[in-house]
$ cat structure.pdb   # PDB, C-alpha atoms
ATOM      1  CA  MET A 317      52.848-165.460 -79.763
ATOM      2  CA  THR A 318      51.847-163.700 -82.976
ATOM      3  CA  ARG A 319      52.253-164.681 -86.597
ATOM      4  CA  GLU A 320      52.104-162.270 -89.486
ATOM      5  CA  ARG A 321      49.664-163.391 -92.113
ATOM      6  CA  ALA A 322      51.486-162.843 -95.391
ATOM      7  CA  GLY A 323      51.281-164.537 -98.757
ATOM      8  CA  SER A 324      48.546-166.638-100.215
ATOM      9  CA  SER A 325      45.944-168.454 -98.167
ATOM     10  CA  ARG A 326      47.269-171.712 -99.584
ATOM     11  CA  VAL A 327      50.712-171.106 -98.155
ATOM     12  CA  GLU A 328      49.154-170.148 -94.808
ATOM     13  CA  ARG A 329      47.178-173.382 -94.766
ATOM     14  CA  VAL A 330      50.229-175.429 -95.646
ATOM     15  CA  ALA A 331      52.181-173.810 -92.784
ATOM     16  CA  ARG A 332      49.495-175.067 -90.430
ATOM     17  CA  ASP A 333      48.433-178.407 -91.903
ATOM     18  CA  GLY A 334      50.714-179.163 -94.840
ATOM     19  CA  PRO A 335      49.795-179.903 -98.472
ATOM     20  CA  SER A 336      46.368-181.316 -99.190
ATOM     21  CA  GLU A 337      46.058-185.032 -99.653
ATOM     22  CA  ARG A 338      43.706-187.306-101.510
ATOM     23  CA  PRO A 339      41.116-188.803 -99.133
ATOM     24  CA  GLY A 340      41.677-192.484 -98.537
ATOM     25  CA  VAL A 341      45.314-192.457 -99.687
ATOM     26  CA  HIS A 342      47.611-193.706 -96.924
ATOM     27  CA  ASP A 343      51.033-192.204 -96.385
ATOM     28  CA  GLN A 344      53.931-194.375 -97.414
ATOM     29  CA  GLY A 345      57.606-193.785 -96.811
ATOM     30  CA  ALA A 346      60.325-194.414 -99.339
ATOM     31  CA  PRO A 347      63.055-196.994 -98.805
ATOM     32  CA  GLY A 348      66.266-195.536 -97.474
ATOM     33  CA  GLU A 349      69.433-194.261 -99.019
ATOM     34  CA  ALA A 350      73.012-193.824 -97.827
ATOM     35  CA  ARG A 351      73.864-191.728 -94.768
ATOM     36  CA  PRO A 352      74.432-188.069 -95.690
ATOM     37  CA  ALA A 353      77.938-187.134 -96.767
ATOM     38  CA  GLY A 354      80.131-185.284 -94.319
ATOM     39  CA  HIS A 355      79.195-187.454 -91.347
ATOM     40  CA  GLU A 356      81.437-186.670 -88.403
ATOM     41  CA  ALA A 357      81.620-189.036 -85.477
ATOM     42  CA  GLY A 358      83.306-186.419 -83.338
ATOM     43  CA  ALA A 359      85.906-183.720 -83.268
ATOM     44  CA  GLY A 360      88.966-184.870 -85.215
ATOM     45  CA  ALA A 361      87.289-188.078 -86.334
ATOM     46  CA  VAL A 362      87.485-189.229 -89.933
ATOM     47  CA  ALA A 363      84.205-189.231 -91.817
ATOM     48  CA  ARG A 364      82.986-192.682 -92.696
ATOM     49  CA  PRO A 365      83.058-193.356 -96.451
ATOM     50  CA  GLU A 366      79.797-193.886 -98.263
ATOM     51  CA  PRO A 367      79.126-197.483 -99.311
ATOM     52  CA  PRO A 368      79.601-198.135-103.026
ATOM     53  CA  THR A 369      76.526-197.940-105.209
ATOM     54  CA  THR A 370      75.324-201.370-106.259
ATOM     55  CA  LEU A 371      72.633-202.557-108.607
ATOM     56  CA  PHE A 372      70.499-203.324-105.574
ATOM     57  CA  THR A 373      70.849-199.848-104.061
ATOM     58  CA  ALA A 374      70.261-198.238-107.456
ATOM     59  CA  PHE A 375      67.063-200.278-107.839
ATOM     60  CA  ALA A 376      66.023-199.371-104.275
ATOM     61  CA  ASP A 377      66.555-195.685-105.063
ATOM     62  CA  LEU A 378      64.435-196.031-108.193
ATOM     63  CA  LEU A 379      61.595-197.645-106.250
ATOM     64  CA  ALA A 380      61.912-194.991-103.550
ATOM     65  CA  GLY A 381      61.462-192.247-106.128
ATOM     66  CA  LEU A 382      58.336-193.945-107.473
ATOM     67  CA  ALA A 383      56.735-194.409-104.040
ATOM     68  CA  PRO A 384      53.945-191.962-103.120
ATOM     69  CA  CYS A 385      55.038-188.672-101.594
ATOM     70  CA  PRO A 386      54.461-188.945 -97.820
ATOM     71  CA  ALA A 387      53.277-185.325 -97.704
ATOM     72  CA  CYS A 388      50.398-185.588-100.182
ATOM     73  CA  GLY A 389      50.160-189.326-100.914
ATOM     74  CA  VAL A 390      49.373-188.550-104.555
ATOM     75  CA  ARG A 391      52.486-187.848-106.640
ATOM     76  CA  PRO A 392      55.750-189.858-106.734
ATOM     77  CA  ALA A 393      58.158-188.940-103.934
ATOM     78  CA  GLY A 394      61.123-188.331-106.231
ATOM     79  CA  ALA A 395      64.798-188.171-105.341
ATOM     80  CA  THR A 396      64.381-186.077-102.176
ATOM     81  CA  GLY A 397      61.519-188.128-100.725
ATOM     82  CA  VAL A 398      58.934-185.359-101.283
ATOM     83  CA  CYS A 399      57.318-184.491-104.607
ATOM     84  CA  GLY A 400      58.150-181.200-106.325
ATOM     85  CA  PRO A 401      54.876-179.354-105.597
ATOM     86  CA  CYS A 402      54.984-180.332-101.910
ATOM     87  CA  ARG A 403      58.629-179.252-101.640
ATOM     88  CA  THR A 404      57.719-175.853-103.075
ATOM     89  CA  LEU A 405      54.765-175.403-100.726
ATOM     90  CA  LEU A 406      56.621-176.550 -97.621
ATOM     91  CA  ARG A 407      59.610-174.309 -98.355
ATOM     92  CA  ALA A 408      57.290-171.338 -98.880
ATOM     93  CA  ALA A 409      55.359-172.139 -95.705
ATOM     94  CA  THR A 410      58.561-172.362 -93.676
ATOM     95  CA  ALA A 411      59.802-169.069 -95.103
ATOM     96  CA  GLU A 412      56.513-167.443 -94.020
ATOM     97  CA  LEU A 413      56.907-168.421 -90.346
ATOM     98  CA  THR A 414      57.599-165.324 -88.268
ATOM     99  CA  GLU A 415      57.356-166.499 -84.653
ATOM    100  CA  ARG A 416      60.006-165.166 -82.341
ATOM    101  CA  PRO A 417      61.343-168.396 -80.881
ATOM    102  CA  GLY A 418      62.752-168.886 -77.433
ATOM    103  CA  ASP A 419      65.384-171.598 -77.473
ATOM    104  CA  VAL A 420      63.461-174.043 -79.685
ATOM    105  CA  VAL A 421      62.488-173.872 -83.360
ATOM    106  CA  TRP A 422      60.272-176.355 -85.182
ATOM    107  CA  LEU A 423      58.573-176.721 -88.563
ATOM    108  CA  GLY A 424      55.011-177.525 -87.534
ATOM    109  CA  PRO A 425      52.690-179.482 -85.244
ATOM    110  CA  TYR A 426      53.126-183.212 -84.791
ATOM    111  CA  ALA A 427      50.000-183.897 -86.833
ATOM    112  CA  GLY A 428      48.950-184.040 -90.451
ATOM    113  CA  THR A 429      51.748-183.576 -92.959
ATOM    114  CA  TRP A 430      54.560-183.149 -90.441
ATOM    115  CA  LEU A 431      53.571-186.328 -88.606
ATOM    116  CA  ARG A 432      53.527-188.255 -91.896
ATOM    117  CA  LEU A 433      56.962-186.927 -92.847
ATOM    118  CA  VAL A 434      58.443-187.849 -89.461
ATOM    119  CA  HIS A 435      56.898-191.324 -89.610
ATOM    120  CA  ALA A 436      58.169-191.888 -93.155
ATOM    121  CA  LEU A 437      61.697-191.009 -92.028
ATOM    122  CA  LYS A 438      61.587-192.750 -88.673
ATOM    123  CA  TYR A 439      59.542-195.881 -89.287
ATOM    124  CA  ARG A 440      59.457-196.429 -93.056
ATOM    125  CA  GLY A 441      63.128-196.037 -93.872
ATOM    126  CA  ALA A 442      62.795-192.841 -95.944
ATOM    127  CA  ARG A 443      66.291-191.608 -95.071
ATOM    128  CA  ARG A 444      66.354-189.272 -98.045
ATOM    129  CA  LEU A 445      63.775-187.092 -96.260
ATOM    130  CA  ALA A 446      66.423-186.055 -93.723
ATOM    131  CA  GLY A 447      68.123-183.859 -96.310
ATOM    132  CA  PHE A 448      64.974-181.910 -97.126
ATOM    133  CA  LEU A 449      63.808-181.608 -93.518
ATOM    134  CA  GLY A 450      67.312-180.569 -92.486
ATOM    135  CA  GLU A 451      67.213-177.825 -95.123
ATOM    136  CA  LEU A 452      63.966-176.473 -93.648
ATOM    137  CA  LEU A 453      65.322-176.638 -90.098
ATOM    138  CA  ALA A 454      68.435-174.745 -91.182
ATOM    139  CA  LEU A 455      66.162-172.044 -92.578
ATOM    140  CA  ARG A 456      64.344-171.783 -89.236
ATOM    141  CA  VAL A 457      67.659-171.560 -87.366
ATOM    142  CA  THR A 458      68.770-168.770 -89.677
ATOM    143  CA  GLN A 459      65.440-166.960 -89.232
ATOM    144  CA  ALA A 460      65.935-167.155 -85.462
ATOM    145  CA  GLY A 461      69.218-165.240 -85.788
ATOM    146  CA  TRP A 462      71.337-168.015 -84.287
ATOM    147  CA  CYS A 463      74.047-167.854 -86.943
ATOM    148  CA  SER A 464      75.467-164.453 -86.049
ATOM    149  CA  GLY A 465      76.307-162.336 -83.024
ATOM    150  CA  ALA A 466      77.919-163.217 -79.744
ATOM    151  CA  ARG A 467      75.720-166.305 -79.263
ATOM    152  CA  ARG A 468      76.159-167.704 -82.762
ATOM    153  CA  LEU A 469      76.260-171.479 -82.975
ATOM    154  CA  ASP A 470      79.614-173.236 -82.756
ATOM    155  CA  LEU A 471      78.465-176.763 -83.529
ATOM    156  CA  VAL A 472      75.489-179.028 -84.220
ATOM    157  CA  THR A 473      74.789-182.288 -82.413
ATOM    158  CA  HIS A 474      71.831-184.657 -82.065
ATOM    159  CA  VAL A 475      69.890-186.536 -79.416
ATOM    160  CA  PRO A 476      71.000-190.145 -79.949
ATOM    161  CA  THR A 477      68.410-192.887 -79.971
ATOM    162  CA  THR A 478      69.054-196.140 -78.140
ATOM    163  CA  ALA A 479      71.429-198.661 -79.700
ATOM    164  CA  GLY A 480      68.586-201.160 -80.032
ATOM    165  CA  ARG A 481      66.343-198.777 -81.955
ATOM    166  CA  ALA A 482      69.227-197.712 -84.198
ATOM    167  CA  ARG A 483      69.915-201.387 -85.023
ATOM    168  CA  GLU A 484      66.237-202.037 -85.653
ATOM    169  CA  ARG A 485      65.890-199.084 -88.054
ATOM    170  CA  GLY A 486      69.376-199.289 -89.518
ATOM    171  CA  PHE A 487      70.054-195.614 -88.732
ATOM    172  CA  ASP A 488      69.490-192.848 -86.195
ATOM    173  CA  GLN A 489      67.012-190.358 -87.649
ATOM    174  CA  ALA A 490      68.184-187.477 -85.423
ATOM    175  CA  GLU A 491      71.771-188.047 -86.557
ATOM    176  CA  LEU A 492      70.716-187.816 -90.213
ATOM    177  CA  LEU A 493      68.785-184.619 -89.522
ATOM    178  CA  ALA A 494      71.729-183.076 -87.652
ATOM    179  CA  ALA A 495      74.073-183.906 -90.540
ATOM    180  CA  ALA A 496      71.767-182.152 -92.997
ATOM    181  CA  VAL A 497      71.258-179.100 -90.754
ATOM    182  CA  ALA A 498      75.006-178.720 -90.189
ATOM    183  CA  ALA A 499      75.730-179.010 -93.908
ATOM    184  CA  HIS A 500      73.184-176.317 -94.817
ATOM    185  CA  LEU A 501      74.395-173.982 -92.059
ATOM    186  CA  GLY A 502      78.082-174.599 -92.717
ATOM    187  CA  VAL A 503      78.577-175.418 -89.033
ATOM    188  CA  ARG A 504      80.663-178.288 -87.676
ATOM    189  CA  ARG A 505      78.776-181.372 -86.524
ATOM    190  CA  VAL A 506      79.967-183.369 -83.546
ATOM    191  CA  ALA A 507      78.542-186.527 -81.989
ATOM    192  CA  ALA A 508      78.659-184.915 -78.553
ATOM    193  CA  LEU A 509      76.160-187.109 -76.704
ATOM    194  CA  ARG A 510      76.060-190.786 -75.800
ATOM    195  CA  ARG A 511      73.253-192.753 -74.209
ATOM    196  CA  VAL A 512      74.611-194.450 -71.124
ATOM    197  CA  ARG A 513      71.316-195.916 -70.030
ATOM    198  CA  THR A 514      68.554-197.488 -72.094
ATOM    199  CA  THR A 515      65.126-196.062 -71.329
ATOM    200  CA  ALA A 516      61.711-197.595 -71.752
ATOM    201  CA  LYS A 517      59.553-196.278 -74.566
ATOM    202  CA  LEU A 518      58.255-192.844 -73.652
ATOM    203  CA  ALA A 519      55.051-192.771 -75.701
ATOM    204  CA  ALA A 520      51.907-191.983 -73.665
ATOM    205  CA  ARG A 521      53.986-190.979 -70.626
ATOM    206  CA  GLY A 522      53.690-187.549 -69.007
ATOM    207  CA  ARG A 523      56.493-185.049 -68.501
ATOM    208  CA  THR A 524      57.188-186.006 -64.881
ATOM    209  CA  GLU A 525      57.481-189.708 -65.693
ATOM    210  CA  ARG A 526      59.595-189.007 -68.775
ATOM    211  CA  ALA A 527      61.931-186.756 -66.807
ATOM    212  CA  ALA A 528      62.413-189.465 -64.169
ATOM    213  CA  LEU A 529      63.145-192.125 -66.790
ATOM    214  CA  LEU A 530      65.598-189.867 -68.634
ATOM    215  CA  ALA A 531      67.523-188.580 -65.615
ATOM    216  CA  GLY A 532      71.198-189.348 -66.210
ATOM    217  CA  ALA A 533      70.492-191.118 -69.497
ATOM    218  CA  PHE A 534      73.036-189.047 -71.485
ATOM    219  CA  GLU A 535      76.750-188.454 -71.206
ATOM    220  CA  ALA A 536      78.363-185.544 -73.057
ATOM    221  CA  ARG A 537      81.779-184.677 -74.417
ATOM    222  CA  TYR A 538      83.722-181.763 -72.955
ATOM    223  CA  LEU A 539      82.625-178.652 -74.900
ATOM    224  CA  PRO A 540      83.991-175.620 -73.009
ATOM    225  CA  GLY A 541      82.289-172.380 -73.988
ATOM    226  CA  ARG A 542      80.524-173.824 -77.033
ATOM    227  CA  ASN A 543      77.082-172.719 -78.220
ATOM    228  CA  VAL A 544      75.360-175.922 -79.300
ATOM    229  CA  LEU A 545      72.385-176.643 -81.558
ATOM    230  CA  LEU A 546      70.673-179.830 -80.388
ATOM    231  CA  VAL A 547      68.626-181.599 -83.091
ATOM    232  CA  ASP A 548      65.840-184.165 -82.686
ATOM    233  CA  ASP A 549      62.814-185.269 -84.679
ATOM    234  CA  VAL A 550      59.909-184.583 -82.279
ATOM    235  CA  LEU A 551      59.393-182.549 -79.106
ATOM    236  CA  THR A 552      56.580-183.873 -76.922
ATOM    237  CA  THR A 553      57.076-182.691 -73.342
ATOM    238  CA  GLY A 554      60.647-181.402 -73.634
ATOM    239  CA  ALA A 555      61.989-183.942 -71.129
ATOM    240  CA  THR A 556      64.383-185.592 -73.593
ATOM    241  CA  LEU A 557      65.855-182.304 -74.811
ATOM    242  CA  GLU A 558      66.128-181.095 -71.230
ATOM    243  CA  SER A 559      68.029-184.192 -70.114
ATOM    244  CA  ALA A 560      70.389-184.029 -73.109
ATOM    245  CA  GLY A 561      70.859-180.275 -72.646
ATOM    246  CA  LYS A 562      71.740-180.687 -68.974
ATOM    247  CA  ALA A 563      74.409-183.217 -69.908
ATOM    248  CA  LEU A 564      75.945-180.764 -72.403
ATOM    249  CA  LEU A 565      75.833-177.840 -69.974
ATOM    250  CA  GLY A 566      77.401-180.019 -67.297
ATOM    251  CA  ARG A 567      80.379-180.543 -69.600
ATOM    252  CA  GLY A 568      81.018-176.874 -70.222
ATOM    253  CA  ALA A 569      78.677-175.877 -73.070
ATOM    254  CA  ALA A 570      77.856-172.168 -72.909
ATOM    255  CA  GLY A 571      74.340-172.402 -74.318
ATOM    256  CA  ILE A 572      71.907-174.891 -75.819
ATOM    257  CA  ARG A 573      69.311-174.210 -78.471
ATOM    258  CA  CYS A 574      67.153-176.841 -80.111
ATOM    259  CA  ALA A 575      65.653-177.628 -83.513
ATOM    260  CA  VAL A 576      62.990-180.291 -84.079
ATOM    261  CA  VAL A 577      60.863-181.199 -87.071
ATOM    262  CA  ALA A 578      57.566-181.312 -85.202
ATOM    263  CA  ARG A 579      56.187-180.428 -81.821
ATOM    264  CA  THR A 580      53.190-181.847 -80.023
ATOM    265  CA  VAL A 581      50.924-178.888 -79.371
ATOM    266  CA  ARG A 582      47.930-178.775 -77.057
ATOM    267  CA  ARG A 583      45.395-176.266 -78.289
ATOM    268  CA  SER A 584      43.135-173.969 -76.327
ATOM    269  CA  ALA A 585      39.521-173.325 -77.107
ATOM    270  CA  ALA A 586      40.713-170.614 -79.476
ATOM    271  CA  GLU A 587      42.909-173.170 -81.289
ATOM    272  CA  ALA A 588      46.020-171.078 -80.655
ATOM    273  CA  PRO A 589      49.288-173.046 -80.267
ATOM    274  CA  GLU A 590      51.202-172.796 -77.036
ATOM    275  CA  PRO A 591      54.510-170.931 -77.033
ATOM    276  CA  PRO A 592      57.537-173.243 -77.271
ATOM    277  CA  GLU A 593      58.684-174.774 -74.024
ATOM    278  CA  PRO A 594      62.404-174.739 -73.199
ATOM    279  CA  GLY A 595      64.403-177.789 -74.297
TER     280      GLY A 595
END
$ encode --input "structure.pdb" --output "structure tokens"
Amino acid sequence: MTRERAGSSRVERVARDGPSERPGVHDQGAPGEARPAGHEAGAGAVARPEPPTTLFTAFADLLAGLAPCPACGVRPAGATGVCGPCRTLLRAATAELTERPGDVVWLGPYAGTWLRLVHALKYRGARRLAGFLGELLALRVTQAGWCSGARRLDLVTHVPTTAGRARERGFDQAELLAAAVAAHLGVRRVAALRRVRTTAKLAARGRTERAALLAGAFEARYLPGRNVLLVDDVLTTGATLESAGKALLGRGAAGIRCAVVARTVRRSAAEAPEPPEPG
């Protein structure tokens, strides 16, 4: 895989590692906000209304904006969950990416800035980050040429987390990301997948073990001839995306492509990232 080196060295560094951070400052996520507008539970379903704004939620939003930006840990996060300078740098870095993807696009390695952003969204309740990260993923999808031609995307869906983890967090981070991606692309979003079997936590497990645990874990809606974009937060071995993709293909989907925020990358002695593995 090759990458054209264009633009300033700062933008190049941000594309690899993210904005610089103050040593000793720990990343902190912002408290959450309402689920993105336009949520669609499925084809023909009525979008759920947003909860009314209360004094409590307004105060929570204010505190969230004052919390440190999870990208740099220095400036206030602001309304989008990432400070203005970091937003500018991350947008520019994403625009500079020129890899020719296979069937998976991502924003960066699951380390440094991208790891902190995922953790802020996933574990620290910073739901507002989904909008910004979804915007960047939509840009990558557009760069990949998936929005035109015979194989253009028909719909966006997400890899659902388990019911227990969704209850624990109060939301499904992949669902929020998919809603944002679909809104930016102007493509319909459908909740096409359902977990029919709870799996043990997959952290620290290899691909073979993950694949065995995930076999038959998803059930899909009937999607004859549809080209589907499958959204998740992190790609580690590809076993989860593969299992979800097989379920979609088994119910008639014509093609599956994937978008994730971050990807775990093993590096060679030359520190060159591996090419993306199929979902």
$ atom_distance --input "structure.pdb" --atom1 "atom CA of A:Arg537" --atom2 "atom CA of A:Ala508"
5.2 Å
$ atom_distance --input "structure.pdb" --atom1 "atom CA of A:Gly450" --atom2 "atom CA of A:Gly394"
17.0 Å
$ atom_distance --input "structure.pdb" --atom1 "atom CA of A:Gly541" --atom2 "atom CA of A:Gly571"
8.0 Å
$ resolve_selection --input "structure.pdb" --expression "the PyMOL selection byres ((chain A and resi 423) around 12)" --output "PyMOL selection string"
chain A and resi 330-334+406-415+417+420-422+424-427+429-431+433-434+448-457+459+548-551+575-580+592
$ closest_residue --input "structure.pdb" --among "A:Arg467, A:Arg573, A:Arg511, A:Arg443" --to "A:Ala395" --atoms "only C-alpha atoms"
A:Arg443
$ residues_around --input "structure.pdb" --residues "A:Pro384" --least-positions-apart "6" --cutoff "7 Å" --atoms "all atoms listed in the file" --output "list in words"
Gln344, Val390, Arg391, Pro392 and Ala393 of chain A
$ resolve_selection --input "structure.pdb" --expression "the PyMOL selection byres ((chain A and resi 492-503) around 7)" --output "list in words"
Arg351, Pro352, His355, Ala446, Gly447, Gly450, Glu451, Leu453, Ala454, Asp470, Leu471, Val472, Thr473, His474, Asp488, Gln489, Ala490, Glu491, Arg504, Arg505 and Val547 of chain A
$ decode --input "structure.pdb" --residues "stretch 389-406 of chain A" --atoms "N, CA and C atoms" --output "PDB file, in the first residue's frame"
ATOM      1  N   GLY A 389      -6.384  16.621  25.105  1.00  0.00           N
ATOM      2  CA  GLY A 389      -6.364  16.688  26.555  1.00  0.00           C
ATOM      3  C   GLY A 389      -6.038  18.056  27.094  1.00  0.00           C
ATOM      4  N   VAL A 390      -6.044  19.077  26.267  1.00  0.00           N
ATOM      5  CA  VAL A 390      -5.608  20.415  26.677  1.00  0.00           C
ATOM      6  C   VAL A 390      -6.763  21.414  26.667  1.00  0.00           C
ATOM      7  N   ARG A 391      -7.414  21.552  25.507  1.00  0.00           N
ATOM      8  CA  ARG A 391      -8.467  22.563  25.356  1.00  0.00           C
ATOM      9  C   ARG A 391      -9.837  21.958  25.670  1.00  0.00           C
ATOM     10  N   PRO A 392     -10.845  22.793  25.962  1.00  0.00           N
ATOM     11  CA  PRO A 392     -12.199  22.276  26.194  1.00  0.00           C
ATOM     12  C   PRO A 392     -12.725  21.543  24.966  1.00  0.00           C
ATOM     13  N   ALA A 393     -13.518  20.494  25.202  1.00  0.00           N
ATOM     14  CA  ALA A 393     -14.007  19.658  24.106  1.00  0.00           C
ATOM     15  C   ALA A 393     -14.993  20.396  23.209  1.00  0.00           C
ATOM     16  N   GLY A 394     -15.800  21.274  23.767  1.00  0.00           N
ATOM     17  CA  GLY A 394     -16.769  21.999  22.955  1.00  0.00           C
ATOM     18  C   GLY A 394     -17.979  21.160  22.598  1.00  0.00           C
ATOM     19  N   ALA A 395     -18.841  21.726  21.767  1.00  0.00           N
ATOM     20  CA  ALA A 395     -20.140  21.118  21.476  1.00  0.00           C
ATOM     21  C   ALA A 395     -20.048  19.802  20.723  1.00  0.00           C
ATOM     22  N   THR A 396     -18.992  19.606  19.934  1.00  0.00           N
ATOM     23  CA  THR A 396     -18.879  18.372  19.145  1.00  0.00           C
ATOM     24  C   THR A 396     -18.052  17.297  19.839  1.00  0.00           C
ATOM     25  N   GLY A 397     -17.525  17.596  21.027  1.00  0.00           N
ATOM     26  CA  GLY A 397     -16.725  16.610  21.745  1.00  0.00           C
ATOM     27  C   GLY A 397     -15.249  16.652  21.431  1.00  0.00           C
ATOM     28  N   VAL A 398     -14.842  17.482  20.450  1.00  0.00           N
ATOM     29  CA  VAL A 398     -13.438  17.666  20.087  1.00  0.00           C
ATOM     30  C   VAL A 398     -13.206  19.164  19.900  1.00  0.00           C
ATOM     31  N   CYS A 399     -12.115  19.665  20.426  1.00  0.00           N
ATOM     32  CA  CYS A 399     -11.849  21.104  20.338  1.00  0.00           C
ATOM     33  C   CYS A 399     -11.645  21.541  18.882  1.00  0.00           C
ATOM     34  N   GLY A 400     -11.802  22.834  18.634  1.00  0.00           N
ATOM     35  CA  GLY A 400     -11.707  23.362  17.279  1.00  0.00           C
ATOM     36  C   GLY A 400     -10.402  23.048  16.573  1.00  0.00           C
ATOM     37  N   PRO A 401      -9.240  23.311  17.168  1.00  0.00           N
ATOM     38  CA  PRO A 401      -7.977  22.996  16.495  1.00  0.00           C
ATOM     39  C   PRO A 401      -7.826  21.517  16.164  1.00  0.00           C
ATOM     40  N   CYS A 402      -8.254  20.634  17.058  1.00  0.00           N
ATOM     41  CA  CYS A 402      -8.152  19.194  16.774  1.00  0.00           C
ATOM     42  C   CYS A 402      -9.109  18.798  15.662  1.00  0.00           C
ATOM     43  N   ARG A 403     -10.311  19.373  15.645  1.00  0.00           N
ATOM     44  CA  ARG A 403     -11.242  19.085  14.548  1.00  0.00           C
ATOM     45  C   ARG A 403     -10.622  19.452  13.206  1.00  0.00           C
ATOM     46  N   THR A 404     -10.012  20.637  13.154  1.00  0.00           N
ATOM     47  CA  THR A 404      -9.399  21.099  11.904  1.00  0.00           C
ATOM     48  C   THR A 404      -8.289  20.161  11.460  1.00  0.00           C
ATOM     49  N   LEU A 405      -7.426  19.766  12.389  1.00  0.00           N
ATOM     50  CA  LEU A 405      -6.309  18.890  12.056  1.00  0.00           C
ATOM     51  C   LEU A 405      -6.775  17.496  11.633  1.00  0.00           C
ATOM     52  N   LEU A 406      -7.762  16.960  12.338  1.00  0.00           N
ATOM     53  CA  LEU A 406      -8.229  15.616  12.023  1.00  0.00           C
ATOM     54  C   LEU A 406      -8.985  15.583  10.695  1.00  0.00           C
TER      55      LEU A 406
END
